[in-house]
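A.B. asks: I am sharing query_23.pdb, which consists of PDB, C-alpha atoms, pLDDT in the B column:
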ATOM      1  CA  MET A   1      83.319 149.905 138.550  1.00 43.00           C
ATOM      2  CA  HIS A   2      85.516 149.702 135.490  1.00 46.00           C
ATOM      3  CA  LEU A   3      84.113 149.829 132.023  1.00 45.00           C
ATOM      4  CA  LEU A   4      85.324 147.196 129.577  1.00 47.00           C
ATOM      5  CA  SER A   5      87.602 148.739 126.963  1.00 49.00           C
ATOM      6  CA  PHE A   6      87.303 147.241 123.507  1.00 54.00           C
ATOM      7  CA  SER A   7      89.217 148.089 120.356  1.00 65.00           C
ATOM      8  CA  PHE A   8      88.717 146.455 116.986  1.00 68.00           C
ATOM      9  CA  GLY A   9      91.389 146.640 114.296  1.00 74.00           C
ATOM     10  CA  PHE A  10      92.475 145.086 111.025  1.00 79.00           C
ATOM     11  CA  LYS A  11      94.244 142.211 112.807  1.00 81.00           C
ATOM     12  CA  ASP A  12      91.076 141.348 114.680  1.00 75.00           C
ATOM     13  CA  ALA A  13      89.108 141.210 111.417  1.00 81.00           C
ATOM     14  CA  ILE A  14      91.677 138.839 109.900  1.00 87.00           C
ATOM     15  CA  ASP A  15      91.611 136.729 113.060  1.00 81.00           C
ATOM     16  CA  ILE A  16      87.820 136.410 112.956  1.00 79.00           C
ATOM     17  CA  LEU A  17      87.813 135.549 109.242  1.00 86.00           C
ATOM     18  CA  LEU A  18      90.416 132.805 109.759  1.00 86.00           C
ATOM     19  CA  VAL A  19      88.501 131.252 112.647  1.00 80.00           C
ATOM     20  CA  ALA A  20      85.240 131.466 110.668  1.00 82.00           C
ATOM     21  CA  GLY A  21      86.899 129.761 107.688  1.00 82.00           C
ATOM     22  CA  ILE A  22      88.267 126.949 109.844  1.00 77.00           C
ATOM     23  CA  LEU A  23      84.882 126.408 111.512  1.00 75.00           C
ATOM     24  CA  TYR A  24      83.097 126.399 108.143  1.00 78.00           C
ATOM     25  CA  GLU A  25      85.458 123.824 106.632  1.00 72.00           C
ATOM     26  CA  THR A  26      85.147 121.695 109.768  1.00 70.00           C
ATOM     27  CA  TYR A  27      81.362 121.831 109.515  1.00 70.00           C
ATOM     28  CA  ARG A  28      81.462 120.827 105.830  1.00 67.00           C
ATOM     29  CA  LEU A  29      83.646 117.807 106.552  1.00 63.00           C
ATOM     30  CA  LEU A  30      81.524 116.650 109.485  1.00 62.00           C
ATOM     31  CA  ARG A  31      78.267 117.198 107.580  1.00 62.00           C
ATOM     32  CA  ARG A  32      79.446 114.810 104.844  1.00 57.00           C
ATOM     33  CA  THR A  33      79.992 112.111 107.460  1.00 54.00           C
ATOM     34  CA  GLY A  34      76.596 112.691 109.080  1.00 53.00           C
ATOM     35  CA  ALA A  35      78.148 114.186 112.220  1.00 57.00           C
ATOM     36  CA  ALA A  36      76.903 117.768 111.903  1.00 59.00           C
ATOM     37  CA  ASN A  37      75.175 117.585 115.310  1.00 64.00           C
ATOM     38  CA  LEU A  38      78.508 116.664 116.868  1.00 68.00           C
ATOM     39  CA  PHE A  39      80.010 119.835 115.411  1.00 67.00           C
ATOM     40  CA  TRP A  40      77.349 122.006 117.026  1.00 74.00           C
ATOM     41  CA  GLY A  41      77.841 120.189 120.321  1.00 75.00           C
ATOM     42  CA  ILE A  42      81.595 120.831 120.247  1.00 75.00           C
ATOM     43  CA  LEU A  43      81.045 124.466 119.274  1.00 76.00           C
ATOM     44  CA  ALA A  44      78.601 124.959 122.161  1.00 81.00           C
ATOM     45  CA  PHE A  45      81.118 123.398 124.574  1.00 77.00           C
ATOM     46  CA  ILE A  46      83.860 125.772 123.356  1.00 77.00           C
ATOM     47  CA  VAL A  47      81.588 128.791 123.823  1.00 82.00           C
ATOM     48  CA  VAL A  48      80.743 127.731 127.399  1.00 83.00           C
ATOM     49  CA  TRP A  49      84.435 127.112 128.131  1.00 78.00           C
ATOM     50  CA  PHE A  50      85.324 130.595 126.837  1.00 78.00           C
ATOM     51  CA  LEU A  51      82.641 132.230 128.977  1.00 82.00           C
ATOM     52  CA  VAL A  52      83.637 130.306 132.108  1.00 79.00           C
ATOM     53  CA  SER A  53      87.387 130.795 131.745  1.00 75.00           C
ATOM     54  CA  PHE A  54      87.749 134.282 130.255  1.00 75.00           C
ATOM     55  CA  VAL A  55      84.527 136.217 130.861  1.00 76.00           C
ATOM     56  CA  PHE A  56      83.323 135.086 134.296  1.00 78.00           C
ATOM     57  CA  GLN A  57      86.783 133.811 135.331  1.00 78.00           C
ATOM     58  CA  LEU A  58      85.529 130.902 137.430  1.00 79.00           C
ATOM     59  CA  ASP A  59      88.858 129.324 138.396  1.00 77.00           C
ATOM     60  CA  LEU A  60      87.721 125.894 139.556  1.00 77.00           C
ATOM     61  CA  THR A  61      85.213 125.321 136.762  1.00 78.00           C
ATOM     62  CA  GLY A  62      87.649 126.794 134.249  1.00 75.00           C
ATOM     63  CA  ALA A  63      90.391 124.392 135.364  1.00 79.00           C
ATOM     64  CA  LEU A  64      87.995 121.465 134.897  1.00 77.00           C
ATOM     65  CA  PHE A  65      87.068 122.666 131.411  1.00 76.00           C
ATOM     66  CA  ASP A  66      90.761 123.130 130.556  1.00 76.00           C
ATOM     67  CA  ARG A  67      91.442 119.478 131.402  1.00 75.00           C
ATOM     68  CA  ILE A  68      88.498 118.340 129.301  1.00 75.00           C
ATOM     69  CA  ILE A  69      89.664 120.496 126.374  1.00 74.00           C
ATOM     70  CA  SER A  70      93.224 119.139 126.486  1.00 72.00           C
ATOM     71  CA  VAL A  71      92.092 115.492 126.590  1.00 74.00           C
ATOM     72  CA  GLY A  72      89.200 116.074 124.184  1.00 71.00           C
ATOM     73  CA  ALA A  73      91.455 117.620 121.557  1.00 70.00           C
ATOM     74  CA  ILE A  74      93.514 114.423 121.381  1.00 76.00           C
ATOM     75  CA  ALA A  75      90.366 112.298 121.270  1.00 73.00           C
ATOM     76  CA  LEU A  76      88.953 114.366 118.401  1.00 70.00           C
ATOM     77  CA  ILE A  77      92.178 113.973 116.418  1.00 72.00           C
ATOM     78  CA  VAL A  78      91.951 110.193 116.805  1.00 73.00           C
ATOM     79  CA  ILE A  79      88.240 110.030 115.988  1.00 67.00           C
ATOM     80  CA  PHE A  80      88.370 112.373 112.996  1.00 67.00           C
ATOM     81  CA  GLN A  81      91.808 111.512 111.642  1.00 68.00           C
ATOM     82  CA  GLU A  82      90.327 110.677 108.228  1.00 64.00           C
ATOM     83  CA  GLU A  83      88.527 114.037 107.988  1.00 62.00           C
ATOM     84  CA  ILE A  84      91.667 115.908 109.105  1.00 66.00           C
ATOM     85  CA  ARG A  85      93.719 114.014 106.536  1.00 66.00           C
ATOM     86  CA  MET A  86      91.140 114.870 103.868  1.00 63.00           C
ATOM     87  CA  PHE A  87      91.306 118.573 104.743  1.00 63.00           C
ATOM     88  CA  PHE A  88      95.096 118.826 104.459  1.00 67.00           C
ATOM     89  CA  TYR A  89      95.101 116.654 101.353  1.00 63.00           C
ATOM     90  CA  ARG A  90      92.742 119.003  99.569  1.00 60.00           C
ATOM     91  CA  VAL A  91      94.674 122.088 100.688  1.00 60.00           C
ATOM     92  CA  GLY A  92      97.951 120.545  99.541  1.00 61.00           C
ATOM     93  CA  SER A  93      96.568 119.448  96.175  1.00 57.00           C
ATOM     94  CA  ARG A  94      95.343 122.965  95.386  1.00 56.00           C
ATOM     95  CA  PHE A  95      98.697 124.608  96.079  1.00 55.00           C
ATOM     96  CA  SER A  96     101.098 121.869  94.983  1.00 56.00           C
ATOM     97  CA  PRO A  97     103.890 122.863  92.544  1.00 55.00           C
ATOM     98  CA  LEU A  98     102.686 120.179  90.110  1.00 53.00           C
ATOM     99  CA  GLN A  99      99.229 121.726  89.905  1.00 52.00           C
ATOM    100  CA  ILE A 100     100.689 125.206  89.352  1.00 49.00           C
ATOM    101  CA  MET A 101     103.017 123.930  86.617  1.00 52.00           C
ATOM    102  CA  ARG A 102     100.140 122.197  84.837  1.00 52.00           C
ATOM    103  CA  LYS A 103      98.182 125.422  84.780  1.00 49.00           C
ATOM    104  CA  ARG A 104     101.118 127.290  83.223  1.00 47.00           C
ATOM    105  CA  THR A 105     102.209 124.733  80.629  1.00 47.00           C
ATOM    106  CA  PRO A 106     100.711 125.483  77.176  1.00 45.00           C
ATOM    107  CA  GLU A 107     101.752 122.081  75.812  1.00 41.00           C
ATOM    108  CA  GLY A 108      99.754 120.305  78.507  1.00 44.00           C
ATOM    109  CA  GLU A 109      96.618 122.277  77.685  1.00 46.00           C
ATOM    110  CA  GLY A 110      96.742 121.077  74.054  1.00 43.00           C
ATOM    111  CA  VAL A 111      96.908 117.472  75.168  1.00 45.00           C
ATOM    112  CA  GLN A 112      94.056 118.046  77.597  1.00 79.00           C
ATOM    113  CA  ARG A 113      91.807 119.544  74.943  1.00 82.00           C
ATOM    114  CA  GLN A 114      92.235 116.472  72.742  1.00 87.00           C
ATOM    115  CA  GLN A 115      91.740 114.211  75.746  1.00 90.00           C
ATOM    116  CA  ILE A 116      88.532 116.013  76.748  1.00 91.00           C
ATOM    117  CA  PHE A 117      87.241 115.806  73.192  1.00 92.00           C
ATOM    118  CA  GLU A 118      87.696 112.000  73.140  1.00 94.00           C
ATOM    119  CA  ILE A 119      86.057 111.631  76.558  1.00 94.00           C
ATOM    120  CA  THR A 120      83.162 113.870  75.540  1.00 95.00           C
ATOM    121  CA  GLN A 121      82.523 111.896  72.378  1.00 95.00           C
ATOM    122  CA  ALA A 122      82.496 108.617  74.314  1.00 96.00           C
ATOM    123  CA  CYS A 123      80.152 109.986  77.000  1.00 96.00           C
ATOM    124  CA  ARG A 124      77.698 111.321  74.429  1.00 94.00           C
ATOM    125  CA  HIS A 125      77.493 107.970  72.664  1.00 95.00           C
ATOM    126  CA  MET A 126      77.211 105.994  75.912  1.00 96.00           C
ATOM    127  CA  ALA A 127      74.483 108.352  77.151  1.00 95.00           C
ATOM    128  CA  SER A 128      72.469 107.800  73.970  1.00 93.00           C
ATOM    129  CA  GLN A 129      72.799 104.027  74.470  1.00 93.00           C
ATOM    130  CA  LYS A 130      72.185 104.252  78.255  1.00 93.00           C
ATOM    131  CA  THR A 131      75.506 102.592  78.960  1.00 95.00           C
ATOM    132  CA  GLY A 132      76.604 103.224  82.545  1.00 94.00           C
ATOM    133  CA  ALA A 133      80.081 104.669  83.024  1.00 96.00           C
ATOM    134  CA  LEU A 134      82.302 106.176  85.710  1.00 96.00           C
ATOM    135  CA  ILE A 135      85.379 108.091  84.557  1.00 96.00           C
ATOM    136  CA  VAL A 136      87.965 109.723  86.826  1.00 95.00           C
ATOM    137  CA  LEU A 137      90.088 112.597  85.541  1.00 93.00           C
ATOM    138  CA  ALA A 138      93.037 112.822  87.906  1.00 89.00           C
ATOM    139  CA  GLY A 139      94.247 116.198  89.125  1.00 81.00           C
ATOM    140  CA  ALA A 140      97.528 116.913  90.883  1.00 74.00           C
ATOM    141  CA  GLY A 141      96.811 114.445  93.684  1.00 73.00           C
ATOM    142  CA  ASN A 142      98.260 110.950  93.698  1.00 74.00           C
ATOM    143  CA  LEU A 143      95.606 108.321  92.937  1.00 85.00           C
ATOM    144  CA  LYS A 144      97.968 105.336  93.102  1.00 87.00           C
ATOM    145  CA  GLU A 145      95.831 103.600  95.739  1.00 88.00           C
ATOM    146  CA  ILE A 146      92.822 103.859  93.439  1.00 92.00           C
ATOM    147  CA  VAL A 147      94.725 102.774  90.327  1.00 93.00           C
ATOM    148  CA  ASP A 148      96.135  99.725  92.134  1.00 92.00           C
ATOM    149  CA  THR A 149      92.606  98.389  92.732  1.00 94.00           C
ATOM    150  CA  GLY A 150      91.935  98.056  88.991  1.00 94.00           C
ATOM    151  CA  GLU A 151      93.456  96.579  85.851  1.00 94.00           C
ATOM    152  CA  ARG A 152      96.391  98.520  84.413  1.00 94.00           C
ATOM    153  CA  LEU A 153      95.948  99.826  80.880  1.00 93.00           C
ATOM    154  CA  ASP A 154      98.489 102.600  80.187  1.00 90.00           C
ATOM    155  CA  ALA A 155      96.711 103.267  76.899  1.00 93.00           C
ATOM    156  CA  ARG A 156      96.197 106.451  74.912  1.00 93.00           C
ATOM    157  CA  VAL A 157      92.858 108.155  75.524  1.00 94.00           C
ATOM    158  CA  SER A 158      90.445 107.009  72.824  1.00 94.00           C
ATOM    159  CA  ALA A 159      86.679 107.378  72.575  1.00 95.00           C
ATOM    160  CA  ARG A 160      86.275 103.908  71.057  1.00 94.00           C
ATOM    161  CA  LEU A 161      88.375 102.281  73.754  1.00 95.00           C
ATOM    162  CA  ILE A 162      86.408 104.023  76.492  1.00 96.00           C
ATOM    163  CA  GLU A 163      83.141 102.759  74.982  1.00 95.00           C
ATOM    164  CA  ASN A 164      84.545  99.224  74.747  1.00 94.00           C
ATOM    165  CA  ILE A 165      85.579  99.291  78.399  1.00 95.00           C
ATOM    166  CA  PHE A 166      82.080 100.215  79.603  1.00 95.00           C
ATOM    167  CA  PHE A 167      80.185  98.043  77.135  1.00 92.00           C
ATOM    168  CA  LYS A 168      77.718  95.912  79.080  1.00 86.00           C
ATOM    169  CA  ASN A 169      78.945  92.523  80.332  1.00 83.00           C
ATOM    170  CA  THR A 170      82.603  93.184  79.455  1.00 87.00           C
ATOM    171  CA  PRO A 171      85.110  92.250  82.221  1.00 88.00           C
ATOM    172  CA  LEU A 172      86.160  95.866  82.916  1.00 89.00           C
ATOM    173  CA  HIS A 173      82.817  97.681  82.752  1.00 88.00           C
ATOM    174  CA  ASP A 174      82.106  97.460  86.484  1.00 89.00           C
ATOM    175  CA  GLY A 175      84.217 100.090  88.206  1.00 92.00           C
ATOM    176  CA  ALA A 176      85.928 103.357  87.358  1.00 96.00           C
ATOM    177  CA  LEU A 177      88.287 104.292  84.544  1.00 96.00           C
ATOM    178  CA  VAL A 178      91.167 106.502  85.743  1.00 95.00           C
ATOM    179  CA  ILE A 179      92.705 108.961  83.279  1.00 94.00           C
ATOM    180  CA  ARG A 180      95.704 111.210  83.827  1.00 88.00           C
ATOM    181  CA  ASP A 181      96.859 113.617  81.125  1.00 82.00           C
ATOM    182  CA  ASP A 182      96.806 111.652  77.844  1.00 84.00           C
ATOM    183  CA  LYS A 183      96.846 108.153  79.389  1.00 91.00           C
ATOM    184  CA  MET A 184      94.127 105.797  80.560  1.00 94.00           C
ATOM    185  CA  LEU A 185      95.902 104.344  83.581  1.00 94.00           C
ATOM    186  CA  ALA A 186      93.521 101.635  84.781  1.00 95.00           C
ATOM    187  CA  ALA A 187      89.955 100.345  84.511  1.00 95.00           C
ATOM    188  CA  ALA A 188      87.597  98.555  86.934  1.00 94.00           C
ATOM    189  CA  CYS A 189      88.983 100.656  89.805  1.00 96.00           C
ATOM    190  CA  ILE A 190      87.220 100.797  93.161  1.00 94.00           C
ATOM    191  CA  LEU A 191      86.361 104.254  94.531  1.00 94.00           C
ATOM    192  CA  PRO A 192      85.443 105.240  98.095  1.00 90.00           C
ATOM    193  CA  VAL A 193      81.702 105.781  98.507  1.00 90.00           C
ATOM    194  CA  SER A 194      80.545 109.076 100.014  1.00 87.00           C
ATOM    195  CA  LYS A 195      79.006 108.955 103.494  1.00 80.00           C
ATOM    196  CA  ASP A 196      77.196 112.260 103.023  1.00 78.00           C
ATOM    197  CA  GLN A 197      73.682 111.797 104.396  1.00 75.00           C
ATOM    198  CA  THR A 198      72.297 114.651 102.280  1.00 77.00           C
ATOM    199  CA  ILE A 199      72.852 112.937  98.919  1.00 83.00           C
ATOM    200  CA  PRO A 200      69.509 112.567  97.077  1.00 83.00           C
ATOM    201  CA  LYS A 201      68.131 109.043  97.156  1.00 82.00           C
ATOM    202  CA  HIS A 202      67.838 108.773  93.378  1.00 83.00           C
ATOM    203  CA  TYR A 203      71.620 108.842  92.990  1.00 88.00           C
ATOM    204  CA  GLY A 204      73.075 105.380  92.467  1.00 89.00           C
ATOM    205  CA  LEU A 205      76.351 103.785  93.512  1.00 92.00           C
ATOM    206  CA  ARG A 206      78.312 105.371  90.651  1.00 94.00           C
ATOM    207  CA  HIS A 207      77.232 108.858  91.727  1.00 94.00           C
ATOM    208  CA  ARG A 208      78.069 108.156  95.368  1.00 94.00           C
ATOM    209  CA  ALA A 209      81.476 106.795  94.381  1.00 95.00           C
ATOM    210  CA  ALA A 210      82.155 109.908  92.288  1.00 94.00           C
ATOM    211  CA  LEU A 211      81.249 112.118  95.245  1.00 93.00           C
ATOM    212  CA  GLY A 212      83.334 109.987  97.597  1.00 90.00           C
ATOM    213  CA  LEU A 213      86.497 110.434  95.523  1.00 91.00           C
ATOM    214  CA  THR A 214      86.018 114.143  94.843  1.00 89.00           C
ATOM    215  CA  GLU A 215      85.495 114.756  98.564  1.00 83.00           C
ATOM    216  CA  LYS A 216      88.969 113.369  99.210  1.00 81.00           C
ATOM    217  CA  SER A 217      90.904 114.566  96.163  1.00 83.00           C
ATOM    218  CA  ASP A 218      91.073 117.204  93.451  1.00 81.00           C
ATOM    219  CA  ALA A 219      89.946 114.734  90.783  1.00 89.00           C
ATOM    220  CA  THR A 220      86.958 115.283  88.489  1.00 92.00           C
ATOM    221  CA  CYS A 221      84.499 112.426  87.956  1.00 95.00           C
ATOM    222  CA  ILE A 222      82.069 111.879  85.083  1.00 96.00           C
ATOM    223  CA  VAL A 223      79.053 109.630  85.587  1.00 97.00           C
ATOM    224  CA  VAL A 224      76.804 108.305  82.834  1.00 96.00           C
ATOM    225  CA  SER A 225      73.591 106.941  84.300  1.00 94.00           C
ATOM    226  CA  GLU A 226      72.561 103.488  83.117  1.00 92.00           C
ATOM    227  CA  GLU A 227      68.926 104.143  84.070  1.00 91.00           C
ATOM    228  CA  THR A 228      68.385 107.588  82.545  1.00 92.00           C
ATOM    229  CA  GLY A 229      71.342 108.164  80.233  1.00 92.00           C
ATOM    230  CA  HIS A 230      72.001 111.507  81.960  1.00 94.00           C
ATOM    231  CA  ILE A 231      75.573 112.751  82.349  1.00 95.00           C
ATOM    232  CA  SER A 232      76.781 114.167  85.666  1.00 95.00           C
ATOM    233  CA  VAL A 233      80.069 115.781  86.645  1.00 95.00           C
ATOM    234  CA  ALA A 234      81.425 115.725  90.215  1.00 94.00           C
ATOM    235  CA  THR A 235      84.085 118.090  91.545  1.00 90.00           C
ATOM    236  CA  ASP A 236      85.035 119.179  95.051  1.00 84.00           C
ATOM    237  CA  GLY A 237      82.436 116.912  96.648  1.00 85.00           C
ATOM    238  CA  LYS A 238      79.563 118.321  94.560  1.00 88.00           C
ATOM    239  CA  ILE A 239      77.766 116.787  91.590  1.00 92.00           C
ATOM    240  CA  ARG A 240      75.429 118.173  88.951  1.00 92.00           C
ATOM    241  CA  GLU A 241      73.861 117.010  85.720  1.00 93.00           C
ATOM    242  CA  VAL A 242      75.159 118.542  82.505  1.00 93.00           C
ATOM    243  CA  LYS A 243      73.827 118.539  78.973  1.00 90.00           C
ATOM    244  CA  GLU A 244      75.718 116.665  76.317  1.00 84.00           C
ATOM    245  CA  ASP A 245      76.516 119.812  74.353  1.00 84.00           C
ATOM    246  CA  GLU A 246      78.029 121.564  77.393  1.00 89.00           C
ATOM    247  CA  LEU A 247      80.096 118.650  78.708  1.00 91.00           C
ATOM    248  CA  PHE A 248      83.262 119.725  76.905  1.00 90.00           C
ATOM    249  CA  LEU A 249      83.156 123.243  78.370  1.00 89.00           C
ATOM    250  CA  VAL A 250      82.373 121.955  81.867  1.00 89.00           C
ATOM    251  CA  LEU A 251      85.342 119.580  81.804  1.00 88.00           C
ATOM    252  CA  HIS A 252      87.658 122.180  80.350  1.00 83.00           C
ATOM    253  CA  SER A 253      86.763 124.695  83.046  1.00 79.00           C
ATOM    254  CA  ALA A 254      87.141 122.185  85.897  1.00 72.00           C
ATOM    255  CA  SER A 255      90.046 123.009  88.165  1.00 44.00           C
ATOM    256  CA  SER A 256      91.772 119.666  87.632  1.00 42.00           C
ATOM    257  CA  MET A 257      91.684 120.098  83.871  1.00 42.00           C
ATOM    258  CA  VAL A 258      92.806 123.708  83.475  1.00 41.00           C
TER     259      VAL A 258
END
Mind converting the file's structure to structure tokens?
C.D. replies:
Amino acid sequence: MHLLSFSFGFKDAIDILLVAGILYETYRLLRRTGAANLFWGILAFIVVWFLVSFVFQLDLTGALFDRIISVGAIALIVIFQEEIRMFFYRVGSRFSPLQIMRKRTPEGEGVQRQQIFEITQACRHMASQKTGALIVLAGAGNLKEIVDTGERLDARVSARLIENIFFKNTPLHDGALVIRDDKMLAAACILPVSKDQTIPKHYGLRHRAALGLTEKSDATCIVVSEETGHISVATDGKIREVKEDELFLVLHSASSMV
């Protein structure tokens, strides 16, 4: 009877960390679509396949599992093509040359500070008036598909203009305002709504739209609630309420605005 020899080194630790990271990101993506149970089912199947094929070495059963794995992998790619696209999009947006250049350009930071100041002033006033608003601050990712759904503006960022856009019953108030650098690109834009089943019920359509876009891009979204006047900021698929006096610092520290 031979004893199993087992050695654990630095490479093995890196290997385990990489697999754990991939599984965690996969779980996060599937949880947002309400398919977390499917993730656990797939993980359980992989564990059984590993035991059958490599531990117990059951040839016939292992061959059957191998066939299922090969066909199932293609099926999963087809079924979850949107989630896979979202994953690589977010990875690419974080490490794109454009994003790195923006972080290192001192001139761009000066423009951003003035832009954030104008946006902050508008949000404070709209919150006091309980005027609903949804503002998108574009990061390095391309939001052309979103911009094309709205009305082009190409105007300089101005607090007064932002307030006029979201003033009740105006033609452009329903939808999102997209801002990149020092330009307001378009208003009345349509955003994808998040399918995350864990979103609290008290969040309205604006909050869900903000989460939907930040799940798929590196943009930052600001939501002013029409019911409560509270201001919320969404980044990386997460949203939280912020106080009016801390909004400027929150926006300035957001990854898409650094």
A.B. asks: For Asp182 (chain A), which residue among A:Val223, A:Leu51, A:Ile119, A:Ala133 is the nearest when counting only C-alpha atoms?
C.D. replies: A:Ile119
A.B. asks: Counting only C-alpha atoms, write as number ranges by chain all protein and nucleic acid residues lying at most 10 Å from (88.4, 106.6, 76.6) in the file's frame.
C.D. replies: A: 115-123, 135, 155-166, 177-179, 182-184
A.B. asks: Work out how far CA of Arg113 (chain A) is from CA of Ser194 (chain A), in Å to one decimal.
C.D. replies: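 CA of Arg113 (chain A) lies 29.4 Å from CA of Ser194 (chain A).
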A.B. asks: CA of Gly132 (chain A) and CA of Leu249 (chain A), how far apart in Å?
C.D. replies: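 So the two atoms, CA of Leu249 (chain A) and CA of Gly132 (chain A), lie 21.5 Å apart.
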A.B. asks: Can you turn the PyMOL selection byres ((chain A and resi 240) around 12) into a concrete residue list for this file, as a list of chain:residue names?
C.D. replies: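 Answer for the PyMOL selection byres ((chain A and resi 240) around 12): A:Ile199, A:Pro200, A:Tyr203, A:His207, A:Ala210, A:Leu211, A:Thr220, A:Cys221, A:Ile222, A:Val223, A:Val224, A:His230, A:Ile231, A:Ser232, A:Val233, A:Ala234, A:Thr235, A:Asp236, A:Gly237, A:Lys238, A:Ile239, A:Glu241, A:Val242, A:Lys243, A:Leu247, A:Val250.
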A.B. asks: Between A:Asp181, A:Glu215, A:Asp59, A:Glu244, which residue has the minimum interatomic distance to Gly229 (chain A), considering only C-alpha atoms?
C.D. replies: A:Glu244
A.B. asks: Between CA of Ile46 (chain A) and CA of Lys11 (chain A), what is the distance in Å, rounded to a tenth?
C.D. replies: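 Atom-to-atom, CA of Ile46 (chain A) and CA of Lys11 (chain A) are spaced 22.1 Å apart.
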A.B. asks: If we count all atoms listed in the file, what is near Ala187 (chain A) at a cut-off of 6 Å, once residues fewer than 3 positions away on the same chain are taken out, given as a PyMOL selection string?
C.D. replies: chain A and resi 150-151+176-177
A.B. asks: Between A:Ala138, A:Ala186, A:Met126, A:Leu143, which one has atoms that come closest to Lys168 (chain A), using only C-alpha atoms?
C.D. replies: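 Ranking A:Ala138, A:Ala186, A:Met126, A:Leu143 by distance to Lys168 (chain A), first place goes to A:Met126.
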A.B. asks: A:Ala188, A:Ala127, A:Ala140, A:Leu18: which is nearest Leu153 (chain A), counting only C-alpha atoms?
C.D. replies: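 Using only C-alpha atoms, the shortest distance to Leu153 (chain A) belongs to A:Ala188.
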A.B. asks: Can you work out which one of A:Asn169, A:Gly175, A:Lys216, A:Val71 has the shortest atom-to-atom distance to Lys195 (chain A), counting only C-alpha atoms?
C.D. replies: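 Nearest candidate to Lys195 (chain A) out of A:Asn169, A:Gly175, A:Lys216, A:Val71: A:Lys216.
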A.B. asks: Measuring atom to atom with all atoms listed in the file, identify which of A:Ile42, A:Asp245, A:Gly9, A:His252 is nearest to Leu23 (chain A).
C.D. replies: A:Ile42
A.B. asks: N, CA and C atoms for region 235-246 of chain A, written as a tab-separated table (two decimals), in the frame of the given file, could you do that?
C.D. replies:
chain	number	residue	atom	x	y	z
A	235	THR	N	82.84	117.44	91.16
A	235	THR	CA	84.08	118.09	91.54
A	235	THR	C	83.93	118.65	92.96
A	236	ASP	N	85.01	118.57	93.72
A	236	ASP	CA	85.04	119.18	95.05
A	236	ASP	C	83.87	118.72	95.93
A	237	GLY	N	83.50	117.45	95.82
A	237	GLY	CA	82.44	116.91	96.65
A	237	GLY	C	81.04	117.34	96.26
A	238	LYS	N	80.88	117.90	95.05
A	238	LYS	CA	79.56	118.32	94.56
A	238	LYS	C	79.35	117.71	93.18
A	239	ILE	N	78.09	117.42	92.87
A	239	ILE	CA	77.77	116.79	91.59
A	239	ILE	C	76.55	117.48	90.97
A	240	ARG	N	76.57	117.59	89.66
A	240	ARG	CA	75.43	118.17	88.95
A	240	ARG	C	75.31	117.56	87.56
A	241	GLU	N	74.09	117.51	87.07
A	241	GLU	CA	73.86	117.01	85.72
A	241	GLU	C	74.24	118.08	84.70
A	242	VAL	N	74.79	117.62	83.58
A	242	VAL	CA	75.16	118.54	82.50
A	242	VAL	C	74.57	118.02	81.20
A	243	LYS	N	74.31	118.92	80.29
A	243	LYS	CA	73.83	118.54	78.97
A	243	LYS	C	74.99	118.06	78.12
A	244	GLU	N	74.67	117.23	77.15
A	244	GLU	CA	75.72	116.66	76.32
A	244	GLU	C	76.51	117.74	75.59
A	245	ASP	N	75.83	118.79	75.14
A	245	ASP	CA	76.52	119.81	74.35
A	245	ASP	C	77.36	120.77	75.21
A	246	GLU	N	77.22	120.71	76.54
A	246	GLU	CA	78.03	121.56	77.39
A	246	GLU	C	79.09	120.78	78.17
